[in-house]
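The next block is work_14.cif, given as mmCIF, C-alpha atoms.
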data_upload
loop_
_atom_site.label_atom_id
_atom_site.label_comp_id
_atom_site.auth_asym_id
_atom_site.auth_seq_id
_atom_site.Cartn_x
_atom_site.Cartn_y
_atom_site.Cartn_z
CA MET D 20 128.05 95.96 108.67
CA SER D 21 131.40 94.51 109.69
CA VAL D 22 132.86 91.14 108.71
CA THR D 23 136.21 90.27 110.24
CA LYS D 24 138.44 87.23 110.52
CA ASP D 25 139.57 85.85 113.88
CA GLY D 26 143.29 85.16 113.66
CA ASN D 27 143.17 82.61 116.47
CA THR D 28 140.40 80.40 115.08
CA ASN D 29 140.77 81.31 111.39
CA ARG D 30 136.97 81.75 111.37
CA TRP D 31 134.88 84.73 110.24
CA MET D 32 132.65 86.86 112.45
CA SER D 33 129.88 89.31 111.60
CA GLN D 34 128.66 92.27 113.61
CA ILE D 35 125.61 94.12 112.36
CA ARG D 36 123.45 97.00 113.55
CA VAL D 37 120.08 97.59 111.86
CA THR D 38 116.91 99.54 112.51
CA ASP D 39 113.78 97.39 112.41
CA TRP D 40 110.38 98.41 111.06
CA THR D 41 109.40 99.98 114.43
CA GLY D 42 112.49 102.22 114.51
CA LYS D 43 114.29 100.17 117.15
CA THR D 44 118.04 99.65 116.68
CA ILE D 45 119.18 96.03 116.82
CA HIS D 46 122.79 94.94 117.32
CA LYS D 47 123.67 91.37 116.39
CA LYS D 48 126.95 89.41 116.43
CA LYS D 49 127.62 85.93 115.09
CA ARG D 50 130.87 83.96 114.98
CA GLY D 51 132.16 80.75 113.43
CA PHE D 52 131.66 81.20 109.67
CA ALA D 53 134.04 79.11 107.56
CA THR D 54 134.16 81.71 104.77
CA LYS D 55 133.63 85.41 104.32
CA ARG D 56 130.89 84.64 101.78
CA GLU D 57 128.89 82.75 104.44
CA ALA D 58 129.20 85.65 106.86
CA LEU D 59 128.03 88.16 104.27
CA GLN D 60 125.08 85.95 103.32
CA TRP D 61 124.07 85.72 106.97
CA GLU D 62 124.15 89.52 107.18
CA ARG D 63 121.92 89.86 104.13
CA ASP D 64 119.43 87.33 105.52
CA PHE D 65 119.40 89.03 108.90
CA ILE D 66 118.69 92.43 107.37
CA SER D 67 115.80 90.98 105.36
CA GLN D 68 114.29 89.47 108.51
CA SER D 69 114.88 92.46 110.76
CA THR D 70 113.25 95.03 108.51
CA GLY D 71 109.96 93.34 109.26
CA SER D 72 109.59 92.33 112.89
CA LEU D 73 107.47 89.24 113.47
CA GLY D 74 105.45 91.35 115.88
CA MET D 75 103.99 93.36 113.01
CA THR D 76 100.34 92.83 112.19
CA PHE D 77 99.37 90.34 109.54
CA GLN D 78 98.11 93.10 107.25
CA ASP D 79 101.45 94.95 107.50
CA PHE D 80 103.27 91.75 106.61
CA ILE D 81 101.00 91.26 103.59
CA GLU D 82 102.25 94.57 102.19
CA LEU D 83 105.86 93.34 102.41
CA TYR D 84 104.85 90.01 100.91
CA MET D 85 102.94 91.52 98.00
CA LYS D 86 105.71 94.03 97.28
CA ASP D 87 108.09 91.12 96.79
CA MET D 88 105.58 89.08 94.76
CA GLU D 89 105.06 92.01 92.39
CA GLN D 90 108.66 91.67 91.28
CA ARG D 91 108.42 87.93 90.67
CA LEU D 92 104.96 87.08 89.38
CA ARG D 93 102.92 88.03 86.33
CA THR D 94 100.71 91.09 86.77
CA SER D 95 97.55 89.03 86.33
CA THR D 96 98.72 86.53 88.97
CA VAL D 97 99.50 89.33 91.44
CA THR D 98 96.08 90.89 90.83
CA THR D 99 94.31 87.59 91.48
CA LYS D 100 96.43 86.90 94.57
CA ARG D 101 95.83 90.38 95.99
CA SER D 102 92.07 90.15 95.42
CA LEU D 103 91.76 86.77 97.11
CA ILE D 104 93.91 87.79 100.09
CA ASP D 105 92.03 91.07 100.58
CA LEU D 106 88.62 89.39 100.40
CA LYS D 107 89.11 86.12 102.25
CA ILE D 108 92.21 86.28 104.43
CA THR D 109 93.15 89.77 105.64
CA PRO D 110 89.68 90.59 107.06
CA TYR D 111 90.10 87.68 109.50
CA PHE D 112 93.81 87.88 110.41
CA GLY D 113 94.62 91.51 109.55
CA LYS D 114 95.04 93.02 113.02
CA ILE D 115 96.67 89.99 114.68
CA PRO D 116 100.47 90.09 115.15
CA LEU D 117 102.04 87.68 112.68
CA ASN D 118 103.83 85.64 115.35
CA GLU D 119 100.66 85.26 117.45
CA ILE D 120 98.58 83.47 114.82
CA LYS D 121 98.13 79.88 116.04
CA PRO D 122 96.89 76.70 114.37
CA THR D 123 93.63 77.10 116.27
CA ASP D 124 93.15 80.51 114.65
CA VAL D 125 93.67 78.95 111.23
CA ARG D 126 91.15 76.21 112.05
CA LYS D 127 88.53 78.78 113.08
CA TRP D 128 89.16 80.68 109.86
CA GLN D 129 88.76 77.49 107.84
CA ASN D 130 85.54 76.64 109.63
CA SER D 131 84.11 80.09 108.89
CA LEU D 132 84.71 79.50 105.17
CA THR D 133 83.50 75.90 105.01
CA SER D 134 80.27 76.84 106.80
CA TYR D 135 79.54 79.79 104.49
CA ARG D 136 76.40 79.66 102.34
CA ASP D 137 75.29 82.21 99.75
CA GLU D 138 71.76 83.54 99.27
CA LYS D 139 70.86 80.32 97.41
CA GLY D 140 72.24 78.14 100.18
CA GLN D 141 75.32 77.13 98.16
CA PRO D 142 78.75 76.72 99.81
CA TYR D 143 82.09 77.64 98.30
CA SER D 144 83.38 74.95 95.95
CA GLN D 145 85.96 72.53 97.32
CA THR D 146 88.54 73.68 94.77
CA TYR D 147 87.98 77.34 95.73
CA LEU D 148 88.44 76.51 99.42
CA LYS D 149 91.67 74.71 98.54
CA THR D 150 92.90 77.72 96.56
CA ILE D 151 92.25 80.09 99.47
CA ASN D 152 93.96 77.76 101.93
CA ASN D 153 96.97 77.44 99.64
CA GLN D 154 97.35 81.22 99.61
CA LEU D 155 97.49 81.42 103.40
CA THR D 156 99.95 78.52 103.53
CA ALA D 157 102.17 80.27 100.98
CA ILE D 158 102.15 83.48 103.01
CA PHE D 159 103.30 81.72 106.17
CA ASN D 160 105.87 79.68 104.24
CA TYR D 161 107.29 82.98 103.05
CA ALA D 162 107.38 84.30 106.63
CA VAL D 163 109.21 81.17 107.80
CA LYS D 164 111.76 81.25 104.99
CA TYR D 165 112.57 84.95 104.83
CA TYR D 166 111.52 86.48 108.17
CA GLY D 167 112.43 83.77 110.65
CA LEU D 168 108.92 82.77 111.73
CA LYS D 169 109.37 79.65 113.86
CA GLU D 170 106.75 77.52 112.11
CA ASN D 171 103.84 77.65 109.69
CA PRO D 172 100.58 77.33 111.69
CA CYS D 173 98.80 76.02 108.59
CA HIS D 174 100.80 72.79 108.75
CA LYS D 175 99.35 71.83 112.13
CA ALA D 176 95.89 73.15 111.26
CA GLY D 177 95.59 70.84 108.28
CA SER D 178 94.20 71.55 104.83
CA MET D 179 90.80 72.62 103.55
CA GLY D 180 88.99 71.79 100.31
CA LYS D 181 90.10 69.58 97.43
CA LYS D 182 92.67 70.00 94.69
CA LYS D 183 90.35 68.63 92.04
CA ALA D 184 86.59 68.83 91.72
CA ASP D 185 84.65 65.64 92.36
CA GLU D 186 83.39 65.78 88.79
CA MET D 187 84.98 67.45 85.79
CA LEU D 188 82.41 68.99 83.48
CA PHE D 189 82.93 68.78 79.76
CA TRP D 190 80.92 68.36 76.57
CA THR D 191 80.80 65.24 74.46
CA ARG D 192 81.11 65.65 70.70
CA ASP D 193 77.32 65.46 70.36
CA GLU D 194 76.79 68.15 73.01
CA PHE D 195 79.30 70.46 71.39
CA GLN D 196 77.63 69.93 68.01
CA MET D 197 74.26 70.90 69.50
CA PHE D 198 75.81 74.02 71.04
CA ILE D 199 77.71 75.14 67.94
CA ASP D 200 74.70 74.56 65.67
CA ALA D 201 72.61 76.77 67.93
CA ILE D 202 74.98 79.75 67.58
CA ARG D 203 75.76 79.36 63.89
CA ASP D 204 73.87 82.62 63.24
CA ARG D 205 76.38 84.50 65.45
CA PRO D 206 79.60 84.48 63.35
CA ILE D 207 81.88 85.87 66.04
CA SER D 208 80.73 83.46 68.73
CA TYR D 209 80.69 80.58 66.27
CA THR D 210 84.35 81.17 65.36
CA VAL D 211 85.38 81.72 68.98
CA PHE D 212 83.93 78.45 70.23
CA MET D 213 85.03 76.45 67.21
CA THR D 214 88.58 77.65 67.91
CA LEU D 215 88.39 76.86 71.61
CA TYR D 216 86.95 73.38 71.09
CA TYR D 217 89.26 72.24 68.30
CA THR D 218 92.49 73.62 69.78
CA GLY D 219 92.04 73.46 73.58
CA ILE D 220 93.71 76.85 74.04
CA ARG D 221 93.00 78.96 77.12
CA GLU D 222 90.64 81.95 77.08
CA GLY D 223 93.47 84.47 77.43
CA GLU D 224 95.40 82.77 74.64
CA LEU D 225 92.37 82.96 72.36
CA LEU D 226 91.76 86.64 73.05
CA ALA D 227 95.41 87.48 72.29
CA LEU D 228 95.44 85.79 68.87
CA THR D 229 96.32 87.89 65.82
CA PRO D 230 96.04 87.05 62.09
CA SER D 231 99.82 86.50 62.05
CA ASP D 232 99.31 83.61 64.50
CA ILE D 233 97.17 81.75 61.96
CA ASP D 234 98.93 79.98 59.09
CA LEU D 235 96.23 78.73 56.74
CA THR D 236 98.80 77.21 54.40
CA LYS D 237 100.54 75.10 57.03
CA LYS D 238 97.23 74.74 58.90
CA THR D 239 98.62 75.81 62.26
CA LEU D 240 97.76 78.16 65.11
CA THR D 241 100.61 79.61 67.19
CA VAL D 242 100.23 80.56 70.85
CA SER D 243 102.82 83.10 72.02
CA LYS D 244 100.90 85.50 74.28
CA SER D 245 97.88 85.93 76.52
CA TYR D 246 95.31 88.67 77.03
CA GLN D 247 94.14 90.12 80.34
CA ARG D 248 91.90 93.04 81.23
CA LEU D 249 93.53 94.69 84.24
CA SER D 250 92.54 97.99 85.82
CA ARG D 251 90.40 98.80 82.77
CA LYS D 252 93.36 98.34 80.45
CA ASP D 253 94.07 95.68 77.83
CA VAL D 254 97.27 93.88 78.80
CA ILE D 255 99.14 91.38 76.63
CA THR D 256 101.50 89.12 78.58
CA PRO D 257 103.53 85.98 77.87
CA PRO D 258 101.52 82.74 78.14
CA LYS D 259 100.98 81.03 81.47
CA THR D 260 104.13 78.88 81.31
CA PRO D 261 107.12 78.47 78.94
CA LYS D 262 105.57 75.29 77.49
CA SER D 263 102.44 77.30 76.69
CA ASN D 264 104.38 78.79 73.77
CA ARG D 265 103.42 76.28 71.11
CA THR D 266 102.25 75.77 67.54
CA ILE D 267 99.10 73.67 67.17
CA PRO D 268 98.08 71.86 63.97
CA ILE D 269 94.41 72.59 63.24
CA PRO D 270 91.84 70.70 61.14
CA ASP D 271 90.66 71.84 57.73
CA GLY D 272 87.22 72.72 59.06
CA LEU D 273 88.68 75.18 61.55
CA CYS D 274 90.94 76.66 58.86
CA ASP D 275 87.87 77.32 56.71
CA CYS D 276 86.03 78.81 59.68
CA LEU D 277 88.88 81.20 60.57
CA GLN D 278 89.42 82.19 56.94
CA GLU D 279 85.72 83.01 56.52
CA TYR D 280 85.71 85.02 59.75
CA MET D 281 88.84 87.02 58.86
CA SER D 282 87.52 87.80 55.38
CA HIS D 283 84.67 89.75 56.99
CA CYS D 284 86.85 91.73 59.44
CA TYR D 285 87.26 95.25 58.04
CA ASP D 286 90.87 96.39 57.49
CA LEU D 287 92.24 93.58 59.66
CA GLN D 288 96.00 93.99 60.16
CA PRO D 289 98.48 91.15 60.90
CA ASP D 290 99.03 92.29 64.49
CA ASP D 291 95.43 93.24 65.31
CA ARG D 292 93.66 91.16 67.92
CA LEU D 293 91.55 88.64 66.04
CA PHE D 294 88.88 88.69 68.76
CA PRO D 295 88.97 92.19 70.32
CA TYR D 296 86.69 91.30 73.22
CA THR D 297 86.95 90.49 76.93
CA LYS D 298 86.27 87.33 78.89
CA ASP D 299 82.88 88.76 79.87
CA PHE D 300 81.88 88.51 76.21
CA LEU D 301 82.84 84.83 76.20
CA TYR D 302 80.83 84.13 79.35
CA HIS D 303 77.77 85.93 77.99
CA GLU D 304 77.87 84.10 74.66
CA MET D 305 78.45 80.77 76.43
CA GLU D 306 75.36 81.32 78.55
CA HIS D 307 73.30 82.26 75.49
CA GLY D 308 74.46 79.19 73.56
CA CYS D 309 73.67 76.84 76.43
CA LYS D 310 70.21 78.34 76.83
CA VAL D 311 69.18 78.10 73.18
CA SER D 312 70.76 74.67 72.58
CA GLY D 313 69.64 73.04 75.81
CA VAL D 314 73.04 71.49 76.56
CA LYS D 315 74.28 71.47 80.14
CA ARG D 316 75.99 74.62 81.35
CA ILE D 317 79.74 74.43 81.76
CA ARG D 318 82.43 77.08 82.17
CA VAL D 319 84.28 78.53 79.21
CA HIS D 320 87.44 76.91 80.62
CA ASP D 321 85.67 73.55 80.53
CA ILE D 322 85.79 73.65 76.74
CA ARG D 323 89.53 73.06 77.19
CA HIS D 324 88.62 69.93 79.16
CA SER D 325 86.17 69.01 76.39
CA HIS D 326 89.00 69.17 73.86
CA ALA D 327 91.16 66.95 76.07
CA SER D 328 88.28 64.50 76.42
CA LEU D 329 87.93 64.43 72.64
CA LEU D 330 91.64 63.64 72.25
CA VAL D 331 91.45 60.84 74.83
CA GLU D 332 88.47 59.39 72.99
CA MET D 333 90.47 59.51 69.76
CA GLY D 334 93.22 57.46 71.41
CA CYS D 335 95.84 60.23 71.69
CA SER D 336 98.69 59.67 74.15
CA PRO D 337 99.11 61.80 77.29
CA LEU D 338 102.37 63.18 75.84
CA LEU D 339 100.61 64.42 72.70
CA ILE D 340 97.79 65.94 74.77
CA ALA D 341 100.31 67.65 77.07
CA GLU D 342 102.09 69.22 74.09
CA ARG D 343 98.84 70.38 72.50
CA LEU D 344 97.48 71.90 75.72
CA GLY D 345 100.80 73.48 76.67
CA HIS D 346 101.23 71.63 79.97
CA GLU D 347 104.66 71.88 81.58
CA ASN D 348 104.89 68.09 81.90
CA VAL D 349 102.93 64.93 81.19
CA GLN D 350 102.24 64.44 84.91
CA THR D 351 100.04 67.53 84.88
CA THR D 352 98.04 65.99 82.05
CA MET D 353 97.71 62.66 83.85
CA ASP D 354 96.74 64.32 87.14
CA THR D 355 94.02 66.27 85.36
CA TYR D 356 92.66 63.73 82.90
CA SER D 357 93.60 60.27 84.16
CA HIS D 358 89.96 59.56 85.05
CA LEU D 359 89.09 59.76 81.35
CA TYR D 360 91.30 56.77 80.54
CA PRO D 361 89.65 53.79 82.36
CA ASN D 362 87.50 52.85 79.37
CA LYS D 363 90.68 52.60 77.30
CA GLN D 364 91.87 49.80 79.60
CA VAL D 365 89.06 47.61 78.32
CA GLU D 366 90.18 48.34 74.76
CA VAL D 367 93.75 47.35 75.64
CA ALA D 368 92.53 44.04 77.08
CA ARG D 369 90.63 43.30 73.90
CA GLN D 370 93.66 44.02 71.75
CA LEU D 371 95.78 41.74 73.94
CA ASP D 372 93.19 39.00 73.48
CA GLY D 373 93.66 39.34 69.75
CA ILE D 374 97.39 38.56 69.89
CA MET D 375 97.35 35.79 72.48
CA PRO D 376 97.98 32.24 71.16
#

What would you get if you wrote out this structure as structure tokens?
Amino acid sequence: MSVTKDGNTNRWMSQIRVTDWTGKTIHKKKRGFATKREALQWERDFISQSTGSLGMTFQDFIELYMKDMEQRLRTSTVTTKRSLIDLKITPYFGKIPLNEIKPTDVRKWQNSLTSYRDEKGQPYSQTYLKTINNQLTAIFNYAVKYYGLKENPCHKAGSMGKKKADEMLFWTRDEFQMFIDAIRDRPISYTVFMTLYYTGIREGELLALTPSDIDLTKKTLTVSKSYQRLSRKDVITPPKTPKSNRTIPIPDGLCDCLQEYMSHCYDLQPDDRLFPYTKDFLYHEMEHGCKVSGVKRIRVHDIRHSHASLLVEMGCSPLLIAERLGHENVQTTMDTYSHLYPNKQVEVARQLDGIMP
């Protein structure tokens, strides 16, 4: 690398010679930088782009992309991203040179996914299709920003799927009561689902709880970590977002439930996992509870939605709900649960009637 200043123009020039990923030596010169810092930044950007020629195959580029993501994202996020890319994206685009993938190729890929049907004749959900499409878009955005790809073919191809499901599934208070009554003879499951429903915490947050996170005197539950099972190992990570670190006030009934549960745990230490199980256990117990109670089947994550629905019904503000659920901002709460508020508009109108002259 060589950065020099032109005495005649008082401008900086950079000359650089690098070897690209194929072994070919590239010599590049650029003039006209106002400062030495700008010239050096250009050199760094050029090196980053040149080490991965745009003529490399898509699957080779994915390795560069994932190597960078591993340094920036949570392990669980990287694992999920890698799995989705390997299953749904690389098999289609893998052997095509990165700079030869056109919008028409993306459209054909989208059509192959939207037309898929499983053995029961069911398609992929709209939200799953959207998630897959977002991954491909992110990959090409990365190629544009850091490797000089001219444009993202996904932008011309258009999107696929929907950000939100047409219908959000959740339990009413009566449905939850039917479910919880049906599993009362299973103390572990009973405590697990009572905690999920009356706090709205995520599955990973629940499975990472320790006795030290429960303050029965102050009647609070503190979320400061999350549990994942990765590569057959138990992994404790920070929560999903900074705002997910939170302390949640809990009702007396849940305090009694947790106290009863902990009193029967042999030699339970303050930093032991309160529920030393995996998400598979939660899914199995959820299925059992739905079967014996007769309530509609929802996902374990939908209990979080059920808690939010309960709070809306109680008249809680979006700000309070956002803080309790650990959302990064109130807009996330409104985007997710705004459809639960229309009935409240009628209540507002009635209250306004009461104060009108």

- Query: Hey, what's within 7 Å of D:Leu293 if we count all atoms listed in the file and toss same-chain stuff fewer than 3 positions away? As an NGL selection string, please?
  - Reply: :D and (228-230)

Go ahead and dump the residues you just picked, C-alpha atoms, as an mmCIF file, in the coordinates of the input.
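result-v7.cif written:
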data_model
loop_
_atom_site.group_PDB
_atom_site.id
_atom_site.type_symbol
_atom_site.label_atom_id
_atom_site.label_comp_id
_atom_site.auth_asym_id
_atom_site.auth_seq_id
_atom_site.Cartn_x
_atom_site.Cartn_y
_atom_site.Cartn_z
ATOM 1 C CA LEU D 228 95.440 85.790 68.870
ATOM 2 C CA THR D 229 96.320 87.890 65.820
ATOM 3 C CA PRO D 230 96.040 87.050 62.090
#

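Residues matching the PyMOL selection byres ((chain D and resi 48) around 10) in this structure come to Ser21, Val22, Met32, Ser33, Gln34, Ile35, Arg36, His46, Lys47, Lys49, Arg50 and Glu62 of chain D.
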
- Task: Apply the PyMOL selection byres ((chain D and resi 131) around 12) to the displayed file and report the matching residues as number ranges by chain.
- Result: D: 107-108, 111, 124-130, 132-136, 142-143, 148, 179

- Item | Distance query D:Ile340 at most 12 Å, all atoms listed in the file, self and fewer than 4 positions along chain excluded, as a PyMOL selection string | chain D and resi 218-220+267+323-324+326-336+344-353+355-357

- Record the distance separating atom CA of D:Glu306 and atom CA of D:Arg221, expressed in Å with one decimal. 17.9 Å

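Distances to D:Pro206 were evaluated for D:His283, D:Lys121, D:Arg93, D:Arg292 using all atoms listed in the file, and the minimum falls at D:His283.
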
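Residue nearest D:Val242 within the list D:Trp190, D:Lys315, D:Glu342, D:Thr96: D:Glu342 [criterion: smallest interatomic distance, only C-alpha atoms].
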
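Coordinates place atom CA of D:Arg205 at a distance of 13.0 Å from atom CA of D:Glu279.
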